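Student: Here's a structure for you.
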Amino acid sequence: MVRKVRLVSGLLLLLFVLTHFLNHSLGLVSLEAMERARTPFVFLWRSIPGSVVLYLSLLTHLLLALWSLYERRSFRLRNVDWLQLILGFSIPLLLVIHILGTRISNSVYGVEDNYLYELMILFVFKPERGLLQILLLMLVWLHAMIGLHQWLRLKASYRRLQWLAFSVALLIPTLAIAGVGVAARDVRRLAEDPAWFDGMIAHLGFLSDERVDLLLRAENWILATLGLAVLAVLCARPLREALRRRQGVFKIKYPDGKQVRIIKGTTILEASRQAAIPHASVCGGRGRCSTCRVHVVSGLEVLPPASIEEMKVLSRLKAGENVRLACQTRPEGDCAIVPLLAAGITPEGVAHGGDYRQGQEREVVVLFADLRGFTTISEDKLPYDVVFILNRYFAAMGEAIEGSGGYVDKFIGDGVMALFGLEEGRDEACRSALAATRAMARALEGLNEHLQLELSAPLRIGIGLHFGPAIVGEMGHGMTRHLTAVGDTVNTASRLEGMTKEFGVQLIMSHDVGEIAGLAGDFELREITLRGRSEPLRVRLIPDAQAL
């Protein structure tokens, strides 16, 4: 609820800033255009409902920022979070005097704080204040855009339009600052005329020195109060830690044997950050992305029940009972956990990875391919030549597989393993696999033509295809962790590839692959017995995959 209220208050403040900036940008047209557009702006935001919404949002956003500062267990933050935090608490330093000089002066002293009045003060009487005001515009907008990006970055529609959004985010403050600059230049030129200047001084009714001093003292009091509030929060944090430490200290065990001691109220994600243990968290620990989820190895009984919001995320993932979101789970005893996603996962990885990265049984088509006789070909080659040829071969095969909608699992020696069906149904997966084998055969033929002067004999390939259930997920350790598949379907595809030598063909596929894909052509059908299988397997023998 706190996050939702902070989001809503931030969006309302962004709406105010956006309309303000658009009004500023009209200075590129004329000062009169700025003043005309200011009328609906004032009507909206200085009406009683508009004022209540604006200042309640401002106060709420500030108080929730202080609460977030108090609740934070660790200051091990991402760079973007540090920037957001610093911007958020620096904005009031520049904003207070602006509010006092405009809205408060208008309400208390009846000052007509139009654009001419403000530009005279900021760029004629106090040019240094004008520069600070431009700095305020940039800080406010940057703070707002970081928050908006953090909120939207997991949404697919936003990622598709991200460059357009970035362009708009860059254009709006640029136009606003340019509009203020052009209008300020025009006012400074007008102020060079003594008659105009004296007339404006009498007409606008600037505040007396006594009232200006009063506003400056009010600014100092307000900033001092804000400073004391921040200091009080920072001082309250150690007291909170001491009180919670008296309620007990617990241990969280990680897969590498590392243990982190925490106090009650600390989330698993905060524990990872305190100990500088890499832990995925694309949304920054806001319970939106699910990338921080962990497998609870032991101590499930000491974890409080998942909240409604956490349950929504876990239900969407179809996660097991021993899977929890690290950013939402606060252990009340010793436990052991294993993070399920790589620490370096990106929003794009979240979008394209799908739930199967956590570990699922899926029906997939597995492709194995291996070069025939390459050891003999490479015997009279220099190491550089062998690497050059293999890299050209891997590039050709990889492009053929990915171009047909497959996923290159790994390159093994001079072999390739690929998966089809991670994102699509079985019919499309089988058709994509056949298209990939055809494309691989064509690519190999083109590669042989290109490398005919480098090779003593053409490169030949054997391919095995099999469809069936496999366990799919991210497996491995550290930098070698990647998406792969294991199970009988994988083993069968590998053995079919190996049998292409025995039958002297380029491709052997299980009969199911061709049937599901609607394979056309009269290709030899055989029943063969594979090692590790008790029943024979019906397969299709394809001498040349280009004939598919």
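Chain labels A, B, ... are given in the sequence in which chains occur in the structure tokens; within each chain residues are numbered consecutively from 1, and ligands are likewise numbered from 1 in the order shown.
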Using only C-alpha atoms, determine which residues lie at most 10 Å from Leu7 (chain A), disregarding the query and same-chain residues fewer than 6 positions distant; provide the list as JSON, numbers by chain.

Tutor: {"A": [1, 13, 61, 147, 148, 151]}

Student: Identify, with DSSP run on backbone atoms, the residues in region 258-400 of chain A assigned to alpha helix (DSSP H), and express the list as a PyMOL selection string.

Tutor: chain A and resi 268-274+308-317+347-353+374-378+383-400

Student: Would you list the contacts of region 325-336 of chain A as a ChimeraX atom specification, taking every protein, DNA or RNA residue within 9 Å and counting only C-alpha atoms, but skipping same-chain residues closer than 3 positions in sequence?

Tutor: /A:248-255,259,262-270,281,284-287,290-307,310,313-314,339

Student: Do you know which residues are at most 8 Å from region 457-465 of chain A counting only C-alpha atoms, after dropping those on the same chain fewer than 2 positions away, and could you put them as number ranges by chain?

Tutor: A: 365-374, 377, 433, 437, 444, 448, 452, 455, 467, 493-498, 500-501, 505-510, 513

Student: What lies within 12 Å of Glu424 (chain A) using only C-alpha atoms, ignoring chain neighbours under 6 positions off, as a list in words?

Tutor: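 Contacts, with the query itself left out: Gly354, Arg362, Glu363, Val364, Val365, Gly405, Gly406, Tyr407, Cys430, Arg431, Ser432 and Ala433 of chain A.
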
Student: Would you output that residue set with N, CA, C and O atoms, as a PDB file, in the first residue's frame?

Tutor:
```pdb
ATOM      1  N   GLY A 354      10.773 -15.999 -19.876  1.00  0.00           N
ATOM      2  CA  GLY A 354       9.598 -16.786 -19.533  1.00  0.00           C
ATOM      3  C   GLY A 354       9.767 -17.486 -18.208  1.00  0.00           C
ATOM      4  O   GLY A 354      10.831 -17.523 -17.607  1.00  0.00           O
ATOM      5  N   ARG A 362       8.767 -29.140 -20.131  1.00  0.00           N
ATOM      6  CA  ARG A 362       8.107 -28.628 -21.334  1.00  0.00           C
ATOM      7  C   ARG A 362       8.339 -29.606 -22.473  1.00  0.00           C
ATOM      8  O   ARG A 362       9.344 -30.335 -22.496  1.00  0.00           O
ATOM      9  N   GLU A 363       7.425 -29.584 -23.435  1.00  0.00           N
ATOM     10  CA  GLU A 363       7.609 -30.366 -24.653  1.00  0.00           C
ATOM     11  C   GLU A 363       8.419 -29.531 -25.630  1.00  0.00           C
ATOM     12  O   GLU A 363       7.997 -28.429 -26.025  1.00  0.00           O
ATOM     13  N   VAL A 364       9.577 -30.016 -26.005  1.00  0.00           N
ATOM     14  CA  VAL A 364      10.483 -29.276 -26.875  1.00  0.00           C
ATOM     15  C   VAL A 364      11.020 -30.200 -27.963  1.00  0.00           C
ATOM     16  O   VAL A 364      10.963 -31.424 -27.851  1.00  0.00           O
ATOM     17  N   VAL A 365      11.532 -29.587 -29.012  1.00  0.00           N
ATOM     18  CA  VAL A 365      12.298 -30.304 -30.026  1.00  0.00           C
ATOM     19  C   VAL A 365      13.767 -30.026 -29.745  1.00  0.00           C
ATOM     20  O   VAL A 365      14.172 -28.866 -29.630  1.00  0.00           O
ATOM     21  N   GLY A 405      13.890 -19.489 -35.561  1.00  0.00           N
ATOM     22  CA  GLY A 405      13.130 -19.413 -34.315  1.00  0.00           C
ATOM     23  C   GLY A 405      13.621 -20.309 -33.210  1.00  0.00           C
ATOM     24  O   GLY A 405      12.934 -20.485 -32.199  1.00  0.00           O
ATOM     25  N   GLY A 406      14.821 -20.902 -33.376  1.00  0.00           N
ATOM     26  CA  GLY A 406      15.357 -21.777 -32.351  1.00  0.00           C
ATOM     27  C   GLY A 406      16.257 -21.053 -31.374  1.00  0.00           C
ATOM     28  O   GLY A 406      16.602 -19.881 -31.550  1.00  0.00           O
ATOM     29  N   TYR A 407      16.658 -21.770 -30.336  1.00  0.00           N
ATOM     30  CA  TYR A 407      17.554 -21.247 -29.310  1.00  0.00           C
ATOM     31  C   TYR A 407      18.808 -22.103 -29.287  1.00  0.00           C
ATOM     32  O   TYR A 407      18.742 -23.320 -29.096  1.00  0.00           O
ATOM     33  N   CYS A 430       8.031 -27.906 -34.121  1.00  0.00           N
ATOM     34  CA  CYS A 430       8.491 -28.932 -35.064  1.00  0.00           C
ATOM     35  C   CYS A 430       8.756 -28.345 -36.446  1.00  0.00           C
ATOM     36  O   CYS A 430       9.747 -28.700 -37.105  1.00  0.00           O
ATOM     37  N   ARG A 431       7.876 -27.455 -36.892  1.00  0.00           N
ATOM     38  CA  ARG A 431       8.096 -26.827 -38.200  1.00  0.00           C
ATOM     39  C   ARG A 431       9.368 -25.973 -38.184  1.00  0.00           C
ATOM     40  O   ARG A 431      10.138 -25.956 -39.144  1.00  0.00           O
ATOM     41  N   SER A 432       9.584 -25.251 -37.071  1.00  0.00           N
ATOM     42  CA  SER A 432      10.788 -24.415 -36.955  1.00  0.00           C
ATOM     43  C   SER A 432      12.046 -25.273 -36.951  1.00  0.00           C
ATOM     44  O   SER A 432      13.061 -24.903 -37.552  1.00  0.00           O
ATOM     45  N   ALA A 433      11.991 -26.435 -36.304  1.00  0.00           N
ATOM     46  CA  ALA A 433      13.153 -27.320 -36.263  1.00  0.00           C
ATOM     47  C   ALA A 433      13.501 -27.834 -37.653  1.00  0.00           C
ATOM     48  O   ALA A 433      14.678 -27.898 -38.037  1.00  0.00           O
TER      49      ALA A 433
END
```

Student: Assign secondary structure with DSSP using the backbone only, and return the residues of region 268-366 of chain A in strand (DSSP E) as a list in words.

Tutor: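 These are the residues in question: Arg293, Val294, His295, Val296, Val297, Ser298, Val323, Arg324, Leu325, Cys335, Ala336, Ile337, Val338, Pro339, Gln360, Glu361, Arg362, Glu363, Val364, Val365 and Val366 of chain A.
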
Student: Might you pull out every residue within 8 Å of Asn23 (chain A), with only C-alpha atoms counted and same-chain residues fewer than 6 positions away left off, and present them as a ChimeraX atom specification?

Tutor: /A:34,37-38,41,176
